[in-house]
file upload26.txt (compact mmCIF, C-alpha atoms)
# COMPACT_ATOMS: atom_id res chain seq x y z
CA MET A 151 140.14 86.16 120.05
CA SER A 152 140.78 82.77 121.55
CA TRP A 153 139.22 81.27 124.65
CA PRO A 154 141.67 80.34 127.40
CA VAL A 155 139.77 77.28 128.67
CA GLN A 156 137.62 74.67 127.01
CA PRO A 157 134.31 76.54 126.88
CA GLY A 158 132.48 73.44 125.70
CA THR A 159 133.25 71.77 129.01
CA ALA A 160 132.72 74.94 131.04
CA GLY A 161 129.42 75.60 129.32
CA ARG A 162 128.16 72.07 129.86
CA LEU A 163 129.11 72.27 133.54
CA ALA A 164 127.27 75.58 133.85
CA VAL A 165 124.18 74.11 132.22
CA LEU A 166 124.30 71.03 134.44
CA GLY A 167 124.78 73.19 137.52
CA LEU A 168 121.83 75.40 136.71
CA PHE A 169 119.67 72.37 135.87
CA SER A 170 120.57 70.88 139.24
CA LEU A 171 119.53 74.09 140.93
CA GLY A 172 116.28 74.03 139.05
CA LEU A 173 115.48 70.46 140.00
CA SER A 174 116.61 70.62 143.60
CA PHE A 175 115.51 73.91 145.02
CA PRO A 176 112.30 75.27 143.53
CA SER A 177 110.63 75.80 146.90
CA ALA A 178 113.77 77.16 148.49
CA ALA A 179 114.23 79.41 145.49
CA ALA A 180 110.80 80.85 145.94
CA ARG A 181 111.52 81.66 149.55
CA ALA A 182 114.80 83.35 148.61
CA GLN A 183 113.22 85.33 145.74
CA VAL A 184 115.23 83.31 143.27
CA ARG A 185 113.86 81.57 140.24
CA VAL A 186 115.33 79.17 137.76
CA GLY A 187 114.21 78.50 134.25
CA VAL A 188 114.82 76.36 131.24
CA ARG A 189 114.11 77.42 127.70
CA GLY A 190 114.24 75.88 124.29
CA GLY A 191 113.23 76.61 120.74
CA VAL A 192 114.54 77.43 117.32
CA LEU A 193 117.23 79.91 116.43
CA VAL A 194 117.58 81.56 113.03
CA THR A 195 120.89 83.28 112.29
CA SER A 196 121.72 85.74 109.53
CA ASN A 197 124.79 85.45 107.29
CA LEU A 198 128.20 85.33 108.94
CA VAL A 199 130.10 86.03 105.74
CA ARG A 200 129.24 87.43 102.33
CA ASP A 201 131.89 87.00 99.70
CA SER A 202 132.24 87.03 95.95
CA ILE A 203 134.89 85.12 94.04
CA ALA A 204 135.07 85.26 90.26
CA ALA A 205 131.68 87.00 90.28
CA GLU A 206 130.12 84.06 92.14
CA PRO A 207 128.28 85.19 95.28
CA ILE A 208 129.00 83.13 98.39
CA THR A 209 127.27 83.28 101.74
CA VAL A 210 128.09 81.45 104.94
CA ARG A 211 125.50 80.98 107.65
CA PRO A 212 124.44 78.48 110.28
CA ASN A 213 121.35 76.48 109.46
CA THR A 214 118.30 76.98 111.65
CA ALA A 215 119.30 75.54 115.00
CA ALA A 216 117.56 74.07 118.00
CA TYR A 217 118.61 75.82 121.20
CA LEU A 218 118.44 75.06 124.89
CA GLY A 219 119.11 77.41 127.73
CA VAL A 220 118.94 77.81 131.46
CA THR A 221 118.56 80.91 133.60
CA LEU A 222 119.03 81.70 137.26
CA GLU A 223 117.51 84.96 138.45
CA THR A 224 117.03 86.89 141.62
CA GLN A 225 114.40 89.51 142.24
CA VAL A 226 115.82 92.99 142.67
CA ARG A 227 112.43 94.65 143.17
CA PRO A 228 108.85 93.54 142.56
CA GLY A 229 108.53 92.59 138.92
CA THR A 230 112.22 93.05 138.11
CA TRP A 231 114.67 90.16 137.99
CA PHE A 232 118.41 90.10 137.47
CA GLY A 233 120.16 86.91 136.52
CA ALA A 234 122.50 84.84 134.43
CA SER A 235 121.74 82.58 131.53
CA VAL A 236 123.51 80.12 129.30
CA GLN A 237 122.14 79.15 125.93
CA VAL A 238 123.50 76.71 123.39
CA GLY A 239 122.48 76.16 119.77
CA ARG A 240 123.81 73.62 117.33
CA SER A 241 123.48 73.25 113.57
CA ASP A 242 125.46 72.85 110.36
CA LEU A 243 127.45 75.77 109.03
CA VAL A 244 126.45 75.99 105.39
CA VAL A 245 128.23 77.57 102.43
CA LYS A 246 125.78 78.65 99.78
CA THR A 247 126.53 79.50 96.16
CA PRO A 248 124.00 79.81 93.33
CA ALA A 249 124.87 76.26 92.30
CA GLU A 250 124.88 74.43 95.61
CA GLU A 251 124.57 74.47 99.36
CA THR A 252 127.33 72.65 101.20
CA PRO A 253 127.53 71.89 104.92
CA VAL A 254 131.11 72.45 106.04
CA VAL A 255 131.21 71.86 109.80
CA THR A 256 128.81 71.42 112.69
CA LEU A 257 128.68 74.66 114.61
CA THR A 258 127.92 74.92 118.31
CA VAL A 259 127.28 78.43 119.61
CA TRP A 260 127.28 79.14 123.34
CA THR A 261 125.77 82.34 124.70
CA PRO A 262 126.40 83.09 128.37
CA ALA A 263 124.76 86.36 129.39
CA ALA A 264 123.60 88.56 132.22
CA THR A 265 119.86 89.16 132.06
CA LEU A 266 117.47 91.81 133.30
CA SER A 267 113.79 90.94 133.16
CA GLN A 268 110.93 93.36 133.72
CA ARG A 269 107.24 92.52 134.04
CA LEU A 270 105.24 94.79 131.71
CA THR A 271 101.77 93.44 132.49
CA PRO A 272 100.70 90.44 134.57
CA TRP A 273 101.26 88.21 131.52
CA PHE A 274 104.00 89.96 129.53
CA ASN A 275 107.69 90.35 130.28
CA ILE A 276 110.62 91.93 128.55
CA GLU A 277 114.14 90.66 129.06
CA VAL A 278 117.36 92.31 127.98
CA ARG A 279 120.62 90.39 127.80
CA ALA A 280 124.29 91.26 127.53
CA GLY A 281 126.92 88.60 127.23
CA ALA A 282 129.13 86.79 124.80
CA VAL A 283 128.73 84.57 121.79
CA ILE A 284 131.23 81.73 121.64
CA TYR A 285 131.64 79.89 118.35
CA ARG A 286 132.76 76.28 118.53
CA PRO A 287 132.96 74.49 115.15
CA SER A 288 133.43 70.73 115.02
CA SER A 289 136.63 71.31 113.08
CA ARG A 290 138.82 74.40 112.79
CA VAL A 291 138.84 74.60 109.03
CA GLY A 292 138.01 77.28 106.49
CA ILE A 293 136.96 80.55 108.09
CA PHE A 294 137.69 79.12 111.56
CA GLN A 295 141.24 78.06 110.75
CA GLY A 296 143.49 80.06 113.03
CA GLY A 297 140.98 80.58 115.83
CA THR A 298 137.34 80.84 116.74
CA PRO A 299 135.68 84.08 117.77
CA VAL A 300 134.20 85.17 121.09
CA GLU A 301 132.10 88.28 120.56
CA PRO A 302 129.99 90.49 122.84
CA VAL A 303 126.25 90.23 122.27
CA LEU A 304 123.21 92.34 123.14
CA GLY A 305 119.70 90.97 123.01
CA VAL A 306 116.10 91.42 123.95
CA SER A 307 113.16 89.08 124.22
CA LEU A 308 109.44 89.35 124.90
CA SER A 309 107.49 86.63 126.61
CA ALA A 310 103.85 85.90 127.27
CA SER A 311 103.43 83.85 130.41
CA PRO A 312 100.10 82.73 131.83
CA PRO A 313 100.87 81.36 135.31
CA LEU A 314 100.70 77.57 135.57
CA SER A 315 100.76 77.47 139.33
CA SER A 316 102.11 79.46 142.23
CA ARG A 317 105.53 77.95 141.66
CA PHE A 318 105.78 77.42 137.90
CA THR A 319 105.42 79.79 134.97
CA ALA A 320 105.41 78.81 131.31
CA ALA A 321 106.07 81.38 128.62
CA VAL A 322 106.18 81.69 124.89
CA GLU A 323 109.17 83.81 123.93
CA ILE A 324 110.40 85.66 120.91
CA GLY A 325 113.91 86.98 121.04
CA TYR A 326 116.46 88.89 119.07
CA ASP A 327 120.12 89.57 119.56
CA ALA A 328 123.01 90.94 117.57
CA HIS A 329 126.76 90.64 117.60
CA GLN A 330 129.74 91.38 115.41
CA PHE A 331 131.53 88.59 113.60
CA THR A 332 134.90 88.10 111.99
CA THR A 333 137.69 85.58 112.40
CA THR A 334 141.46 85.57 112.44
CA ARG A 335 141.48 83.68 109.15
CA LEU A 336 139.19 86.18 107.46
CA GLU A 337 141.40 89.04 108.63
CA ARG A 338 144.50 87.23 107.35
CA GLU A 339 142.70 86.71 104.05
CA GLY A 340 142.25 90.46 103.65
CA PHE A 341 138.68 90.88 104.87
CA THR A 342 138.09 94.14 106.70
CA GLY A 343 135.39 95.16 109.16
CA ASN A 344 132.83 92.87 110.76
CA THR A 345 129.52 91.32 109.89
CA THR A 346 126.65 92.26 112.17
CA VAL A 347 124.98 88.94 112.86
CA HIS A 348 121.29 89.00 113.72
CA ARG A 349 119.71 86.08 115.55
CA PHE A 350 116.01 85.48 116.03
CA MET A 351 114.62 83.03 118.56
CA LEU A 352 111.22 81.52 119.03
CA GLY A 353 110.71 79.17 121.94
CA ILE A 354 109.16 78.35 125.24
CA SER A 355 110.46 78.66 128.76
CA ILE A 356 109.48 77.28 132.11
CA ARG A 357 110.45 79.05 135.30
CA ALA A 358 110.20 77.77 138.83
CA GLY A 359 110.17 79.81 142.00
CA GLY A 360 109.80 83.42 142.97
CA ARG A 361 106.56 84.52 141.36
CA ALA A 362 104.20 83.81 144.24
CA GLN A 363 105.93 86.23 146.59
CA GLY A 364 107.30 88.84 144.22
CA GLU A 365 104.46 89.26 141.78
CA MET B 35 111.07 100.72 128.79
CA ARG B 36 113.74 103.41 128.57
CA LYS B 37 116.38 100.74 129.11
CA ALA B 38 114.86 98.60 126.40
CA SER B 39 114.88 101.56 124.02
CA SER B 40 118.55 102.20 124.78
CA LEU B 41 119.30 98.57 124.06
CA LEU B 42 117.51 98.72 120.74
CA VAL B 43 119.53 101.83 119.82
CA ALA B 44 122.70 99.93 120.70
CA LEU B 45 121.61 96.98 118.57
CA VAL B 46 120.92 99.25 115.61
CA ALA B 47 124.33 100.86 116.07
CA LEU B 48 125.90 97.43 115.74
CA GLY B 49 124.61 97.30 112.19
CA CYS B 50 126.67 100.24 110.93
CA GLU B 51 129.74 98.20 110.01
CA SER B 52 130.09 95.46 107.47
CA LEU B 53 132.58 92.80 106.50
CA THR B 54 134.28 93.66 103.23
CA ALA B 55 135.76 90.86 101.14
CA PRO B 56 139.14 91.25 99.47
CA THR B 57 139.60 91.41 95.73
CA ARG B 58 141.30 88.33 94.29
CA THR B 59 143.30 88.53 91.09
CA ALA B 60 144.63 85.57 89.14
CA THR B 61 148.31 86.18 88.45
CA TYR B 62 148.75 83.10 86.29
CA PRO B 63 146.41 81.18 83.99
CA LEU B 64 143.60 78.98 85.25
CA ASP B 65 143.31 76.86 82.14
CA ARG B 66 145.05 73.74 80.89
CA LEU B 67 147.88 74.29 78.40
CA GLY B 68 146.31 77.46 77.03
CA SER B 69 143.22 75.55 75.92
CA GLY B 70 140.83 77.83 77.74
CA LEU B 71 139.48 74.74 79.55
CA THR B 72 139.51 74.70 83.33
CA PHE B 73 139.24 71.86 85.80
CA SER B 74 138.31 71.67 89.47
CA TRP B 75 136.96 68.88 91.61
CA PRO B 76 133.21 69.17 92.11
CA VAL B 77 131.89 69.03 95.67
CA VAL B 78 130.20 65.70 95.00
CA ARG B 79 133.61 64.13 94.33
CA LEU B 80 135.16 65.22 97.61
CA PRO B 81 137.26 64.07 99.26
CA VAL B 82 139.63 63.41 96.38
CA ARG B 83 141.28 60.02 96.90
CA TYR B 84 145.07 59.84 96.58
CA TYR B 85 146.79 56.49 96.34
CA VAL B 86 150.51 56.46 97.13
CA ALA B 87 152.47 53.38 96.08
CA PRO B 88 153.64 51.38 99.11
CA ASP B 89 157.32 51.73 98.16
CA ALA B 90 157.14 55.53 98.27
CA GLY B 91 158.49 55.75 101.84
CA PRO B 92 158.22 59.28 103.28
CA THR B 93 156.50 60.50 100.11
CA ALA B 94 153.15 59.31 101.49
CA ARG B 95 153.57 61.72 104.40
CA LEU B 96 154.54 64.51 102.02
CA VAL B 97 151.41 63.85 99.94
CA SER B 98 149.30 64.03 103.07
CA ASP B 99 151.01 67.29 104.11
CA GLY B 100 150.54 68.65 100.59
CA ILE B 101 146.81 67.90 100.66
CA VAL B 102 146.46 69.77 103.96
CA ALA B 103 148.53 72.69 102.66
CA TRP B 104 146.13 73.13 99.75
CA GLU B 105 142.98 72.53 101.81
CA GLN B 106 144.06 75.43 103.99
CA GLN B 107 144.14 77.82 101.04
CA LEU B 108 140.38 77.65 100.63
CA LEU B 109 137.85 79.28 102.91
CA TYR B 110 134.69 77.38 102.15
CA GLY B 111 135.59 73.69 102.03
CA GLU B 112 135.83 73.63 98.23
CA TYR B 113 138.52 70.93 98.25
CA ARG B 114 139.37 68.03 100.54
CA GLY B 115 141.65 65.10 99.95
CA ILE B 116 142.43 61.82 101.66
CA ILE B 117 145.01 59.08 101.30
CA SER B 118 143.41 55.94 99.93
CA THR B 119 144.81 52.43 100.20
CA ASP B 120 142.95 51.21 97.13
CA SER B 121 144.53 52.13 93.82
CA SER B 122 141.55 50.84 91.84
CA THR B 123 139.22 53.51 93.22
CA ALA B 124 141.75 56.33 93.56
CA ASP B 125 141.31 59.64 91.78
CA VAL B 126 145.05 60.32 91.83
CA ILE B 127 147.88 57.79 91.81
CA VAL B 128 151.29 58.85 93.08
CA ARG B 129 154.38 56.79 92.25
CA VAL B 130 158.01 57.35 93.17
CA VAL B 131 160.65 56.21 90.70
CA GLY B 132 163.70 54.56 92.23
CA GLY B 133 162.09 53.42 95.46
CA ALA B 134 161.77 55.20 98.78
CA PRO B 135 163.71 58.47 98.98
CA PRO B 136 165.81 59.25 102.09
CA ASP B 137 163.73 60.01 105.16
CA VAL B 138 165.69 62.82 106.79
CA PRO B 139 164.56 66.02 108.52
CA LEU B 140 163.86 69.08 106.40
CA THR B 141 166.30 71.98 106.65
CA ASP B 142 166.31 75.63 105.68
CA ALA B 143 169.08 75.11 103.13
CA ALA B 144 168.75 76.90 99.80
CA PRO B 145 166.80 74.88 97.22
CA VAL B 146 168.79 72.49 95.05
CA LEU B 147 166.62 72.21 92.01
CA ASN B 148 167.96 69.00 90.47
CA ALA B 149 167.65 66.89 93.59
CA CYS B 150 164.19 65.78 92.52
CA ALA B 151 161.52 66.27 89.87
CA GLY B 152 157.83 65.70 89.46
CA ARG B 153 155.25 65.41 86.74
CA THR B 154 151.46 65.20 86.78
CA ARG B 155 149.84 63.49 83.84
CA VAL B 156 146.24 63.99 82.85
CA ASP B 157 145.32 61.32 80.35
CA SER B 158 143.55 62.43 77.22
CA LEU B 159 140.10 63.85 77.47
CA ALA B 160 137.00 62.18 76.11
CA ASP B 161 134.86 64.14 73.67
CA ASP B 162 132.81 65.57 76.52
CA HIS B 163 136.01 66.77 78.25
CA THR B 164 135.99 64.02 80.84
CA ILE B 165 139.45 62.99 82.00
CA ILE B 166 140.15 59.34 81.21
CA GLY B 167 141.47 57.32 84.12
CA PRO B 168 142.97 58.68 87.33
CA LEU B 169 145.41 61.57 87.36
CA ARG B 170 148.97 60.24 87.70
CA VAL B 171 151.81 61.88 89.60
CA ARG B 172 155.35 60.69 89.04
CA ILE B 173 158.12 61.69 91.43
CA ASP B 174 161.83 61.24 90.65
CA TRP B 175 164.74 61.86 92.97
CA SER B 176 168.50 61.82 92.52
CA GLU B 177 170.62 59.29 94.38
CA ASP B 178 173.63 61.52 93.73
CA ALA B 179 172.19 64.46 95.65
CA ASP B 180 172.64 65.09 99.34
CA PRO B 181 169.79 63.35 101.27
CA SER B 182 168.68 66.57 102.95
CA ASP B 183 168.59 68.33 99.56
CA VAL B 184 166.41 65.48 98.27
CA ALA B 185 164.06 65.74 101.26
CA ASN B 186 163.79 69.54 100.91
CA CYS B 187 163.22 69.23 97.17
CA LEU B 188 160.51 66.59 97.61
CA ALA B 189 158.69 68.71 100.19
CA ARG B 190 158.35 71.43 97.54
CA ILE B 191 157.80 69.24 94.49
CA VAL B 192 155.17 66.95 96.01
CA THR B 193 153.02 69.87 97.18
CA HIS B 194 153.54 71.51 93.78
CA GLU B 195 152.29 68.35 92.04
CA ILE B 196 149.30 68.13 94.40
CA GLY B 197 148.53 71.65 93.18
CA HIS B 198 148.40 70.33 89.62
CA THR B 199 146.00 67.58 90.71
CA LEU B 200 143.65 70.28 92.03
CA GLY B 201 143.42 71.78 88.57
CA LEU B 202 146.25 74.29 88.73
CA PHE B 203 147.70 73.02 85.47
CA ALA B 204 149.62 76.17 84.52
CA HIS B 205 152.89 77.39 85.97
CA SER B 206 153.44 80.75 87.58
CA ALA B 207 156.25 82.98 86.33
CA ASP B 208 156.78 84.29 89.88
CA THR B 209 159.58 82.48 91.70
CA GLY B 210 157.84 83.18 94.99
CA ASP B 211 154.92 80.97 94.01
CA LEU B 212 154.78 77.25 94.72
CA MET B 213 153.33 76.75 91.25
CA ASN B 214 156.46 78.16 89.63
CA ALA B 215 157.98 75.52 87.33
CA ASN B 216 160.99 75.30 89.69
CA PRO B 217 159.40 75.85 93.08
CA ARG B 218 161.62 77.46 95.68
CA VAL B 219 159.00 77.59 98.45
CA ARG B 220 157.24 74.76 100.29
CA THR B 221 153.82 76.25 100.77
CA PRO B 222 151.36 77.99 98.47
CA SER B 223 151.80 81.76 98.21
CA MET B 224 149.06 84.38 98.25
CA ASN B 225 149.13 84.30 94.43
CA ASP B 226 148.66 80.53 94.47
CA ARG B 227 145.83 80.94 96.95
CA ASN B 228 144.06 83.55 94.87
CA VAL B 229 144.35 81.54 91.66
CA LEU B 230 143.04 78.44 93.45
CA GLN B 231 140.12 80.32 94.98
CA ILE B 232 139.18 81.81 91.62
CA LEU B 233 139.53 78.41 89.93
CA TYR B 234 137.19 76.78 92.45
CA HIS B 235 134.54 79.42 91.78
CA THR B 236 134.81 79.23 88.00
CA PRO B 237 132.50 76.72 86.30
CA PRO B 238 134.81 73.91 85.11
CA ASP B 239 134.92 72.76 81.49
CA ILE B 240 136.79 69.53 82.22
CA HIS B 241 135.09 66.78 84.21
CA PRO B 242 136.85 64.46 86.65
CA PRO B 243 137.57 60.87 85.71
CA GLU B 244 134.80 58.42 86.44
CA ARG B 245 135.38 56.68 89.73
CA PRO B 246 134.89 52.93 89.80
CA GLU B 247 133.08 51.96 92.98
CA PRO B 248 134.67 49.21 95.10
call {"tool": "encode", "arguments": {"input": "upload26.txt", "output": "structure tokens"}}
result
Amino acid sequence: MSWPVQPGTAGRLAVLGLFSLGLSFPSAAARAQVRVGVRGGVLVTSNLVRDSIAAEPITVRPNTAAYLGVTLETQVRPGTWFGASVQVGRSDLVVKTPAEETPVVTLTVWTPAATLSQRLTPWFNIEVRAGAVIYRPSSRVGIFQGGTPVEPVLGVSLSASPPLSSRFTAAVEIGYDAHQFTTTRLEREGFTGNTTVHRFMLGISIRAGGRAQGE
Amino acid sequence: MRKASSLLVALVALGCESLTAPTRTATYPLDRLGSGLTFSWPVVRLPVRYYVAPDAGPTARLVSDGIVAWEQQLLYGEYRGIISTDSSTADVIVRVVGGAPPDVPLTDAAPVLNACAGRTRVDSLADDHTIIGPLRVRIDWSEDADPSDVANCLARIVTHEIGHTLGLFAHSADTGDLMNANPRVRTPSMNDRNVLQILYHTPPDIHPPERPEP
């Protein structure tokens, strides 16, 4: 599946826009039951491809990546928030054989998603996400020759968030999501089916706005 | 919590399918002249440096196109090549006999096999199976042939010879393969691709020539 516009540019604009909201309107956001957040951490991704050629096992996976994300949420009822988020992670895509580990391209992965967050206890929240994973390699070679995938993704994260102040909340988050992966080139090569890619996130987030009135 | 449970069920359901790799079969030999010895460029030697003599005219472009055509046959970045301007540090030296061939557009005309010829020479191996000196590609073309036949022939032959420089030393018996002794196609076939992929995941017996540093 190919993306009709340059998602790199669109994604960066979305991130900048949400950052601007976060910096400009925290007090207004609180009044409107809207909150903005930024998050960052590390992202571990499972194998994208498992192959075997001449009895040599081959795996392809992104290295552990740093990620950044922004969210914009509105309160739908006390303790429940609906919103949108954009997350981006970047690392080398590595081909691993028993003999060596070779970085092939730099891989940027964008994840725009709709989010639903629910307070479980005063300090703990659960967030579910549904969106898309957009793969953007630095060069369309190898498995990305012929097109880069955009795949639906489902995810969940848990966060522990002692309140910093009436307007700011910091949280430690652990997250997980999953999506299917294949590429046009792999299909042309004779691969069938999809890989289920599991991603695990550990990070922190800071949210501004909303909590004082809604929670 | 019920929603979260539903989501977890959906996530687990995602895991029920898996990507299945195809089976590759080598349809022609991997080894050099029936010796049982194979050669491929190790990752540490990539990109392979190709020097094209300055009087080669459009052949330099054909070499560049040939490198890309072979790079695209591999999924995992096992081979990359570049054009080098320094013959003293090149891994492969390409020369054209008789000066620059005609630079005319390619056509879909049927192949004329005697319009050009190519040969890749691997100088004798040292005792430890290390190739001595750079690999050498020689390209000949016929002044008597129609220029478009020469151009079409060179497009096939140059990519065929680049295939030899990757370690595909044997010829295919299938006329649909680029590595047939008299190639009738311009790009590697699925057979060529499979043989190359298998070759680049088979431990090589022959080592590349030492590369003098500039």
call {"tool": "closest_residue", "arguments": {"input": "upload26.txt", "among": "B:Val86, B:Leu96, B:Ile165, B:Leu108", "to": "chain A", "atoms": "all atoms listed in the file"}}
result
B:Leu108
call {"tool": "closest_atom_pairs", "arguments": {"input": "upload26.txt", "of": "chain A", "to": "chain B", "cutoff": "8 Å", "atoms": "all atoms listed in the file", "output": "tab-separated table"}}
result
residue	atom	partner	partner_atom	distance
A:Val199	CA	B:Leu53	CA	7.2
A:Arg200	CA	B:Ala55	CA	7.5
A:Asp201	CA	B:Ala55	CA	5.7
A:Ser202	CA	B:Ala55	CA	7.3
A:Ile203	CA	B:Ile232	CA	5.9
A:Ala204	CA	B:Ile232	CA	5.5
A:Glu206	CA	B:His235	CA	6.4
A:Val245	CA	B:Tyr110	CA	6.5
A:Val254	CA	B:Gly111	CA	6.1
A:Val278	CA	B:Ala38	CA	7.0
A:Val291	CA	B:Gln106	CA	7.3
A:Gly292	CA	B:Leu109	CA	4.1
A:Ile293	CA	B:Leu109	CA	5.4
A:Gln295	CA	B:Gln106	CA	7.8
A:Leu304	CA	B:Leu45	CA	6.7
A:Gly305	CA	B:Leu41	CA	7.7
A:Val306	CA	B:Ala38	CA	7.7
A:Asp327	CA	B:Leu45	CA	7.6
A:Ala328	CA	B:Leu45	CA	6.3
A:His329	CA	B:Leu48	CA	7.1
A:Gln330	CA	B:Leu48	CA	7.2
A:Thr332	CA	B:Leu53	CA	7.6
A:Glu339	CA	B:Pro56	CA	7.4
A:Gly340	CA	B:Pro56	CA	5.3
A:Phe341	CA	B:Ala55	CA	4.7
A:Thr342	CA	B:Thr54	CA	5.2
A:Gly343	CA	B:Leu53	CA	4.5
A:Asn344	CA	B:Leu53	CA	4.3
A:Thr345	CA	B:Leu53	CA	4.8
A:Thr346	CA	B:Gly49	CA	5.4
call {"tool": "closest_residue", "arguments": {"input": "upload26.txt", "among": "B:Leu159, B:Ala143, B:Leu80, B:Val102", "to": "Pro181 of chain B", "atoms": "only C-alpha atoms"}}
result
B:Ala143
call {"tool": "closest_residue", "arguments": {"input": "upload26.txt", "among": "A:Gln183, A:Thr271, A:Asn213, A:Ser316", "to": "Asn197 of chain A", "atoms": "only C-alpha atoms"}}
result
A:Asn213
call {"tool": "residues_around", "arguments": {"input": "upload26.txt", "residues": "Asp142 of chain B", "least_positions_apart": "5", "cutoff": "10 Å", "atoms": "only C-alpha atoms", "output": "list in words"}}
result
Ser182, Asp183 and Asn186 of chain B
call {"tool": "closest_residue", "arguments": {"input": "upload26.txt", "among": "B:Asn216, B:Thr61, B:Thr93, B:Asn225", "to": "Ala189 of chain B", "atoms": "all atoms listed in the file"}}
result
B:Thr93
call {"tool": "residues_around", "arguments": {"input": "upload26.txt", "residues": "segment 296-299 of chain A", "least_positions_apart": "3", "cutoff": "9 Å", "atoms": "all atoms listed in the file", "output": "ChimeraX atom specification"}}
result
/A:151-153,283-287,290-293,331-335
call {"tool": "atom_distance", "arguments": {"input": "upload26.txt", "atom1": "atom CA of Val82 of chain B", "atom2": "atom CA of Gly115 of chain B"}}
result
4.4 Å
call {"tool": "residues_near_point", "arguments": {"input": "upload26.txt", "point": "(124.2, 80.8, 100.4)", "cutoff": "7 Å", "atoms": "all atoms listed in the file", "output": "PyMOL selection string"}}
result
chain A and resi 208-210+245-247+251
call {"tool": "closest_residue", "arguments": {"input": "upload26.txt", "among": "A:Val184, A:Ala205, A:Ala215, A:Leu198", "to": "Phe350 of chain A", "atoms": "only C-alpha atoms"}}
result
A:Ala215
call {"tool": "atom_distance", "arguments": {"input": "upload26.txt", "atom1": "atom CA of Thr261 of chain A", "atom2": "atom CA of Ala320 of chain A"}}
result
21.7 Å
call {"tool": "atom_distance", "arguments": {"input": "upload26.txt", "atom1": "atom CA of Thr258 of chain A", "atom2": "atom CA of Ser288 of chain A"}}
result
7.7 Å
call {"tool": "residues_around", "arguments": {"input": "upload26.txt", "residues": "Ala185 of chain B", "least_positions_apart": "4", "cutoff": "9 Å", "atoms": "all atoms listed in the file", "output": "PyMOL selection string"}}
result
chain B and resi 92+135-141+149-150+180-181+189-190
